[in-house]
>>> print(open('model00.cif').read())   # mmCIF, C-alpha atoms
data_protein
#
loop_
_atom_site.label_atom_id
_atom_site.label_comp_id
_atom_site.auth_asym_id
_atom_site.auth_seq_id
_atom_site.Cartn_x
_atom_site.Cartn_y
_atom_site.Cartn_z
CA MET A 1 -7.50 -30.46 -1.10
CA ALA A 2 -6.87 -28.27 1.97
CA ILE A 3 -9.79 -26.73 3.76
CA ALA A 4 -9.51 -22.95 4.04
CA ASP A 5 -10.31 -22.90 7.76
CA ASP A 6 -6.62 -23.18 8.76
CA PRO A 7 -5.45 -19.53 8.70
CA LYS A 8 -1.73 -20.39 8.79
CA LYS A 9 -1.94 -22.84 5.87
CA PHE A 10 -4.21 -20.46 3.97
CA ARG A 11 -1.73 -17.59 4.42
CA THR A 12 1.15 -19.83 3.31
CA ALA A 13 -0.78 -20.81 0.18
CA LEU A 14 -1.56 -17.15 -0.57
CA GLY A 15 2.15 -16.41 -0.25
CA THR A 16 2.82 -18.39 -3.42
CA PHE A 17 1.39 -15.44 -5.36
CA ALA A 18 4.14 -12.83 -5.76
CA THR A 19 2.91 -9.29 -5.14
CA GLY A 20 4.33 -5.84 -5.47
CA VAL A 21 4.90 -3.78 -2.35
CA THR A 22 3.34 -0.37 -1.77
CA ILE A 23 3.11 2.27 0.90
CA VAL A 24 -0.40 3.67 1.04
CA THR A 25 -0.76 7.11 2.58
CA THR A 26 -3.40 9.57 3.65
CA THR A 27 -3.60 12.61 5.89
CA ALA A 28 -5.50 12.62 9.17
CA ARG A 29 -8.00 15.39 9.81
CA SER A 30 -5.42 16.83 12.24
CA GLY A 31 -2.95 17.13 9.33
CA GLU A 32 -0.82 14.20 10.55
CA PRO A 33 0.58 12.05 7.74
CA ILE A 34 -0.58 8.42 7.89
CA GLY A 35 1.01 5.51 6.04
CA LEU A 36 1.38 1.75 5.96
CA THR A 37 3.00 -0.94 3.88
CA ALA A 38 0.50 -2.92 1.82
CA ASN A 39 0.86 -5.67 -0.75
CA SER A 40 -2.89 -6.11 -1.23
CA PHE A 41 -3.09 -3.66 -4.13
CA SER A 42 -4.68 -4.17 -7.54
CA SER A 43 -5.96 -2.35 -10.57
CA VAL A 44 -9.74 -2.55 -10.98
CA SER A 45 -10.80 -0.55 -14.03
CA LEU A 46 -9.31 1.57 -16.80
CA ASP A 47 -12.51 3.53 -17.49
CA PRO A 48 -12.95 5.04 -15.01
CA PRO A 49 -9.43 4.52 -13.64
CA LEU A 50 -9.96 2.58 -10.40
CA LEU A 51 -7.63 0.66 -8.08
CA LEU A 52 -8.00 -0.98 -4.70
CA PHE A 53 -6.10 -1.93 -1.58
CA CYS A 54 -7.16 -3.89 1.47
CA LEU A 55 -6.74 -2.67 5.04
CA ASP A 56 -6.84 -4.72 8.24
CA ARG A 57 -9.62 -3.58 10.57
CA GLU A 58 -7.14 -3.84 13.49
CA SER A 59 -4.65 -1.45 11.87
CA TYR A 60 -3.80 1.79 13.68
CA SER A 61 -4.51 3.55 10.39
CA PHE A 62 -7.96 2.00 9.90
CA GLY A 63 -10.06 4.93 11.14
CA HIS A 64 -8.01 7.46 9.19
CA PHE A 65 -8.41 5.65 5.86
CA GLU A 66 -12.05 4.80 6.52
CA LYS A 67 -12.85 8.53 6.92
CA SER A 68 -10.44 9.88 4.31
CA LYS A 69 -11.59 11.35 1.04
CA HIS A 70 -8.15 10.88 -0.57
CA PHE A 71 -5.18 8.54 -0.46
CA ALA A 72 -2.00 7.83 -2.42
CA VAL A 73 -0.46 4.49 -3.37
CA ASN A 74 3.33 4.50 -3.73
CA VAL A 75 4.68 1.47 -5.63
CA LEU A 76 8.13 0.66 -4.25
CA HIS A 77 11.29 -0.26 -6.17
CA ASP A 78 13.69 -3.01 -5.17
CA GLY A 79 15.94 -0.57 -3.32
CA GLN A 80 13.17 0.44 -0.88
CA LYS A 81 13.03 -2.62 1.41
CA GLU A 82 14.10 -0.52 4.41
CA ILE A 83 11.25 1.99 4.05
CA SER A 84 8.80 -0.87 3.44
CA ASP A 85 9.91 -2.49 6.72
CA HIS A 86 9.68 0.87 8.48
CA PHE A 87 6.06 1.45 7.43
CA ALA A 88 5.10 -2.18 8.12
CA ARG A 89 5.75 -1.71 11.84
CA SER A 90 3.32 -0.14 14.25
CA SER A 91 4.74 3.17 15.36
CA GLU A 92 3.32 6.47 16.45
CA ASP A 93 6.02 8.45 14.63
CA LYS A 94 6.58 6.68 11.32
CA TRP A 95 7.32 9.94 9.54
CA ARG A 96 10.30 11.06 11.61
CA HIS A 97 13.42 11.19 9.40
CA VAL A 98 11.41 10.19 6.29
CA ASP A 99 11.57 12.40 3.21
CA TYR A 100 8.29 12.84 1.37
CA ASP A 101 6.36 15.31 -0.73
CA MET A 102 2.69 16.18 -0.58
CA SER A 103 0.72 14.99 -3.60
CA GLY A 104 -1.87 17.09 -5.35
CA VAL A 105 -4.61 15.37 -3.32
CA GLY A 106 -2.82 16.29 -0.08
CA CYS A 107 -1.34 12.90 0.81
CA PRO A 108 2.31 12.02 1.38
CA SER A 109 4.14 10.64 -1.65
CA PHE A 110 7.64 9.37 -2.31
CA GLY A 111 9.28 10.95 -5.35
CA ASP A 112 11.58 8.00 -5.89
CA ALA A 113 8.78 5.38 -5.97
CA LEU A 114 8.26 3.45 -9.21
CA ALA A 115 4.77 4.94 -9.38
CA THR A 116 2.46 7.05 -7.25
CA PHE A 117 -1.30 7.00 -7.74
CA GLU A 118 -3.26 9.90 -6.23
CA CYS A 119 -6.83 8.81 -5.54
CA ALA A 120 -10.22 9.98 -4.37
CA THR A 121 -11.96 7.36 -2.25
CA HIS A 122 -14.58 5.86 -4.56
CA ALA A 123 -16.03 3.06 -2.39
CA ILE A 124 -15.36 1.00 0.73
CA HIS A 125 -16.49 -2.61 0.90
CA ASP A 126 -16.57 -5.23 3.62
CA GLY A 127 -13.79 -7.77 3.28
CA GLY A 128 -14.04 -9.89 6.43
CA ASP A 129 -11.25 -8.86 8.79
CA HIS A 130 -10.24 -6.22 6.22
CA ILE A 131 -11.99 -3.50 4.28
CA ILE A 132 -11.53 -3.05 0.56
CA ILE A 133 -10.90 0.58 -0.35
CA VAL A 134 -11.48 1.45 -4.00
CA GLY A 135 -9.95 4.67 -5.26
CA GLN A 136 -10.54 6.65 -8.41
CA VAL A 137 -7.18 7.73 -9.77
CA ILE A 138 -7.03 11.49 -10.15
CA ASP A 139 -3.37 11.72 -11.14
CA PHE A 140 -0.29 9.52 -11.24
CA THR A 141 3.43 9.61 -11.87
CA HIS A 142 5.68 6.73 -12.81
CA ASN A 143 9.29 5.89 -13.50
CA PRO A 144 9.57 3.61 -16.55
CA LEU A 145 12.95 2.34 -15.31
CA GLY A 146 13.72 0.34 -12.23
CA ASN A 147 12.65 -2.97 -10.77
CA PRO A 148 9.76 -3.58 -8.39
CA LEU A 149 10.08 -4.65 -4.77
CA LEU A 150 8.24 -7.96 -4.54
CA TYR A 151 6.90 -10.07 -1.70
CA TYR A 152 6.85 -13.84 -2.16
CA ARG A 153 6.47 -16.71 0.34
CA GLY A 154 6.76 -14.45 3.34
CA ARG A 155 9.84 -12.52 2.29
CA TYR A 156 11.05 -9.90 -0.14
CA ALA A 157 12.03 -10.98 -3.62
CA ARG A 158 13.54 -9.30 -6.62
CA ILE A 159 13.09 -9.70 -10.32
CA GLY A 160 15.26 -8.23 -13.00
CA VAL A 161 13.52 -6.41 -15.81
CA ASP A 162 15.23 -5.93 -19.16
CA LYS A 163 16.04 -2.32 -19.83
#
>>> encode(input="model00.cif", output="structure tokens")
Amino acid sequence: MAIADDPKKFRTALGTFATGVTIVTTTARSGEPIGLTANSFSSVSLDPPLLLFCLDRESYSFGHFEKSKHFAVNVLHDGQKEISDHFARSSEDKWRHVDYDMSGVGCPSFGDALATFECATHAIHDGGDHIIIVGQVIDFTHNPLGNPLLYYRGRYARIGVDK
């Protein structure tokens, strides 16, 4: 059995769990849109409707999400690898040339995402080098068609879903 004190081996082992890919967004107090690619997203509860994502403490966006009262989670489809890559990179102007709408909670959303969950920040928990942000879903939209963008073993993957 491997000991979990080897971060590279641990990350490789975690990569055997396929995850969906999201772009999580909020709005800075200045009104600037903030967003990042995240695959650490999960449902938590149906009643009340809660979900979570994890955010690296070293992320440029950390302070914005930590102070935000609202955020949106955009679940990407398999044709959105390019925008996922774009929001995964550190950049001061991620929003240049990116089409988006403002959700009802005032956060950027992508109309062509498989689903968008508009959330009020419910709780923030310590998660080691990350924080765990729990959101209460206020509203959501979803497209019942389309295939998810997946991340598996350090790269994007696709799965076909019967229609």
>>> atom_distance(input="model00.cif", atom1="atom CA of A:Pro148", atom2="atom CA of A:Ser45")
21.5 Å
>>> residues_near_point(input="model00.cif", point="(-10.1, 5.5, -9.0)", cutoff="6 Å", atoms="only C-alpha atoms", output="ChimeraX atom specification")
/A:49-51,119,135-137
>>> write_last_selection(input="model00.cif", atoms="C-alpha atoms", output="PDB file, in the frame of the given file")
ATOM      1  CA  PRO A  49      -9.430   4.520 -13.640  1.00  0.00           C
ATOM      2  CA  LEU A  50      -9.960   2.580 -10.400  1.00  0.00           C
ATOM      3  CA  LEU A  51      -7.630   0.660  -8.080  1.00  0.00           C
ATOM      4  CA  CYS A 119      -6.830   8.810  -5.540  1.00  0.00           C
ATOM      5  CA  GLY A 135      -9.950   4.670  -5.260  1.00  0.00           C
ATOM      6  CA  GLN A 136     -10.540   6.650  -8.410  1.00  0.00           C
ATOM      7  CA  VAL A 137      -7.180   7.730  -9.770  1.00  0.00           C
TER       8      VAL A 137
END
>>> resolve_selection(input="model00.cif", expression="the PyMOL selection byres ((chain A and resi 95) around 12)", output="count of residues only")
25
>>> resolve_selection(input="model00.cif", expression="the PyMOL selection byres ((chain A and resi 78) around 10)", output="compact mmCIF listing (two decimals) with C-alpha atoms, in the coordinates of the input")
# COMPACT_ATOMS: atom_id res chain seq x y z
CA GLY A 20 4.33 -5.84 -5.47
CA VAL A 21 4.90 -3.78 -2.35
CA LEU A 76 8.13 0.66 -4.25
CA HIS A 77 11.29 -0.26 -6.17
CA GLY A 79 15.94 -0.57 -3.32
CA GLN A 80 13.17 0.44 -0.88
CA LYS A 81 13.03 -2.62 1.41
CA GLU A 82 14.10 -0.52 4.41
CA ALA A 113 8.78 5.38 -5.97
CA LEU A 114 8.26 3.45 -9.21
CA GLY A 146 13.72 0.34 -12.23
CA ASN A 147 12.65 -2.97 -10.77
CA PRO A 148 9.76 -3.58 -8.39
CA LEU A 149 10.08 -4.65 -4.77
CA LEU A 150 8.24 -7.96 -4.54
CA TYR A 156 11.05 -9.90 -0.14
CA ALA A 157 12.03 -10.98 -3.62
CA ARG A 158 13.54 -9.30 -6.62
CA ILE A 159 13.09 -9.70 -10.32
CA GLY A 160 15.26 -8.23 -13.00
>>> resolve_selection(input="model00.cif", expression="the PyMOL selection byres ((chain A and resi 107) around 6)", output="ChimeraX atom specification")
/A:26-27,71,102-103,105-106,108
>>> atom_distance(input="model00.cif", atom1="atom CA of A:Gly31", atom2="atom CA of A:His64")
10.9 Å
>>> atom_distance(input="model00.cif", atom1="atom CA of A:Pro144", atom2="atom CA of A:Ala123")
29.3 Å
>>> residues_around(input="model00.cif", residues="A:Leu52", least_positions_apart="2", cutoff="12 Å", atoms="all atoms listed in the file", output="PyMOL selection string")
chain A and resi 22+24+38-45+49-50+54-55+71-73+117-125+127+131-137
>>> residues_around(input="model00.cif", residues="stretch 7-18 of chain A", least_positions_apart="4", cutoff="6 Å", atoms="all atoms listed in the file", output="list of chain:residue names")
A:Tyr151, A:Tyr152, A:Arg153
>>> closest_residue(input="model00.cif", among="A:Arg155, A:Asp129, A:Asp6, A:Thr141", to="A:Glu58", atoms="all atoms listed in the file")
A:Asp129
>>> axis_aligned_box(input="model00.cif", around="stretch 126-130 of chain A", padding_each_side="3 Å", output="JSON")
{"center_x": -13.4, "center_y": -7.6, "center_z": 6.0, "size_x": 12.3, "size_y": 10.7, "size_z": 11.5}
>>> build_atoms(input="model00.cif", residues="stretch 15-42 of chain A", atoms="N, CA and C atoms", output="PDB file, in the frame of the given file")
ATOM      1  N   GLY A  15       0.796 -16.901  -0.056  1.00  0.00           N
ATOM      2  CA  GLY A  15       2.150 -16.410  -0.250  1.00  0.00           C
ATOM      3  C   GLY A  15       2.828 -16.909  -1.503  1.00  0.00           C
ATOM      4  N   THR A  16       2.243 -17.905  -2.171  1.00  0.00           N
ATOM      5  CA  THR A  16       2.820 -18.390  -3.420  1.00  0.00           C
ATOM      6  C   THR A  16       2.515 -17.456  -4.594  1.00  0.00           C
ATOM      7  N   PHE A  17       1.696 -16.449  -4.339  1.00  0.00           N
ATOM      8  CA  PHE A  17       1.390 -15.440  -5.360  1.00  0.00           C
ATOM      9  C   PHE A  17       2.274 -14.225  -5.079  1.00  0.00           C
ATOM     10  N   ALA A  18       3.254 -13.973  -5.944  1.00  0.00           N
ATOM     11  CA  ALA A  18       4.140 -12.830  -5.760  1.00  0.00           C
ATOM     12  C   ALA A  18       3.361 -11.533  -5.948  1.00  0.00           C
ATOM     13  N   THR A  19       3.597 -10.583  -5.048  1.00  0.00           N
ATOM     14  CA  THR A  19       2.910  -9.290  -5.140  1.00  0.00           C
ATOM     15  C   THR A  19       3.920  -8.164  -5.089  1.00  0.00           C
ATOM     16  N   GLY A  20       3.535  -7.043  -5.633  1.00  0.00           N
ATOM     17  CA  GLY A  20       4.330  -5.840  -5.470  1.00  0.00           C
ATOM     18  C   GLY A  20       4.117  -5.287  -4.071  1.00  0.00           C
ATOM     19  N   VAL A  21       4.985  -4.376  -3.676  1.00  0.00           N
ATOM     20  CA  VAL A  21       4.900  -3.780  -2.350  1.00  0.00           C
ATOM     21  C   VAL A  21       4.640  -2.290  -2.499  1.00  0.00           C
ATOM     22  N   THR A  22       3.698  -1.785  -1.715  1.00  0.00           N
ATOM     23  CA  THR A  22       3.340  -0.370  -1.770  1.00  0.00           C
ATOM     24  C   THR A  22       3.359   0.224  -0.359  1.00  0.00           C
ATOM     25  N   ILE A  23       3.432   1.530  -0.325  1.00  0.00           N
ATOM     26  CA  ILE A  23       3.110   2.270   0.900  1.00  0.00           C
ATOM     27  C   ILE A  23       1.912   3.135   0.542  1.00  0.00           C
ATOM     28  N   VAL A  24       0.823   2.910   1.261  1.00  0.00           N
ATOM     29  CA  VAL A  24      -0.400   3.670   1.040  1.00  0.00           C
ATOM     30  C   VAL A  24      -0.462   4.756   2.098  1.00  0.00           C
ATOM     31  N   THR A  25      -0.778   5.968   1.670  1.00  0.00           N
ATOM     32  CA  THR A  25      -0.760   7.110   2.580  1.00  0.00           C
ATOM     33  C   THR A  25      -2.055   7.896   2.514  1.00  0.00           C
ATOM     34  N   THR A  26      -2.313   8.610   3.591  1.00  0.00           N
ATOM     35  CA  THR A  26      -3.400   9.570   3.650  1.00  0.00           C
ATOM     36  C   THR A  26      -2.988  10.634   4.655  1.00  0.00           C
ATOM     37  N   THR A  27      -3.850  11.574   4.893  1.00  0.00           N
ATOM     38  CA  THR A  27      -3.600  12.610   5.890  1.00  0.00           C
ATOM     39  C   THR A  27      -4.776  12.629   6.853  1.00  0.00           C
ATOM     40  N   ALA A  28      -4.456  12.566   8.148  1.00  0.00           N
ATOM     41  CA  ALA A  28      -5.500  12.620   9.170  1.00  0.00           C
ATOM     42  C   ALA A  28      -6.150  13.995   9.164  1.00  0.00           C
ATOM     43  N   ARG A  29      -7.312  14.087   9.726  1.00  0.00           N
ATOM     44  CA  ARG A  29      -8.000  15.390   9.810  1.00  0.00           C
ATOM     45  C   ARG A  29      -7.165  16.410  10.559  1.00  0.00           C
ATOM     46  N   SER A  30      -6.301  15.946  11.477  1.00  0.00           N
ATOM     47  CA  SER A  30      -5.420  16.830  12.240  1.00  0.00           C
ATOM     48  C   SER A  30      -4.250  17.332  11.399  1.00  0.00           C
ATOM     49  N   GLY A  31      -4.068  16.770  10.194  1.00  0.00           N
ATOM     50  CA  GLY A  31      -2.950  17.130   9.330  1.00  0.00           C
ATOM     51  C   GLY A  31      -1.783  16.161   9.439  1.00  0.00           C
ATOM     52  N   GLU A  32      -1.876  15.201  10.350  1.00  0.00           N
ATOM     53  CA  GLU A  32      -0.820  14.200  10.550  1.00  0.00           C
ATOM     54  C   GLU A  32      -0.748  13.259   9.347  1.00  0.00           C
ATOM     55  N   PRO A  33       0.470  13.021   8.817  1.00  0.00           N
ATOM     56  CA  PRO A  33       0.580  12.050   7.740  1.00  0.00           C
ATOM     57  C   PRO A  33       0.389  10.630   8.290  1.00  0.00           C
ATOM     58  N   ILE A  34      -0.290   9.800   7.523  1.00  0.00           N
ATOM     59  CA  ILE A  34      -0.580   8.420   7.890  1.00  0.00           C
ATOM     60  C   ILE A  34      -0.086   7.526   6.757  1.00  0.00           C
ATOM     61  N   GLY A  35       0.543   6.408   7.093  1.00  0.00           N
ATOM     62  CA  GLY A  35       1.010   5.510   6.040  1.00  0.00           C
ATOM     63  C   GLY A  35       1.245   4.107   6.548  1.00  0.00           C
ATOM     64  N   LEU A  36       1.146   3.150   5.630  1.00  0.00           N
ATOM     65  CA  LEU A  36       1.380   1.750   5.960  1.00  0.00           C
ATOM     66  C   LEU A  36       1.834   0.997   4.733  1.00  0.00           C
ATOM     67  N   THR A  37       2.575  -0.064   4.964  1.00  0.00           N
ATOM     68  CA  THR A  37       3.000  -0.940   3.880  1.00  0.00           C
ATOM     69  C   THR A  37       1.853  -1.882   3.544  1.00  0.00           C
ATOM     70  N   ALA A  38       1.584  -2.033   2.260  1.00  0.00           N
ATOM     71  CA  ALA A  38       0.500  -2.920   1.820  1.00  0.00           C
ATOM     72  C   ALA A  38       0.925  -3.653   0.555  1.00  0.00           C
ATOM     73  N   ASN A  39       0.644  -4.941   0.500  1.00  0.00           N
ATOM     74  CA  ASN A  39       0.860  -5.670  -0.750  1.00  0.00           C
ATOM     75  C   ASN A  39      -0.464  -6.145  -1.342  1.00  0.00           C
ATOM     76  N   SER A  40      -1.562  -5.779  -0.701  1.00  0.00           N
ATOM     77  CA  SER A  40      -2.890  -6.110  -1.230  1.00  0.00           C
ATOM     78  C   SER A  40      -3.392  -4.931  -2.059  1.00  0.00           C
ATOM     79  N   PHE A  41      -2.827  -4.778  -3.236  1.00  0.00           N
ATOM     80  CA  PHE A  41      -3.090  -3.660  -4.130  1.00  0.00           C
ATOM     81  C   PHE A  41      -3.368  -4.235  -5.512  1.00  0.00           C
ATOM     82  N   SER A  42      -4.354  -3.671  -6.211  1.00  0.00           N
ATOM     83  CA  SER A  42      -4.680  -4.170  -7.540  1.00  0.00           C
ATOM     84  C   SER A  42      -5.370  -3.101  -8.367  1.00  0.00           C
TER      85      SER A  42
END
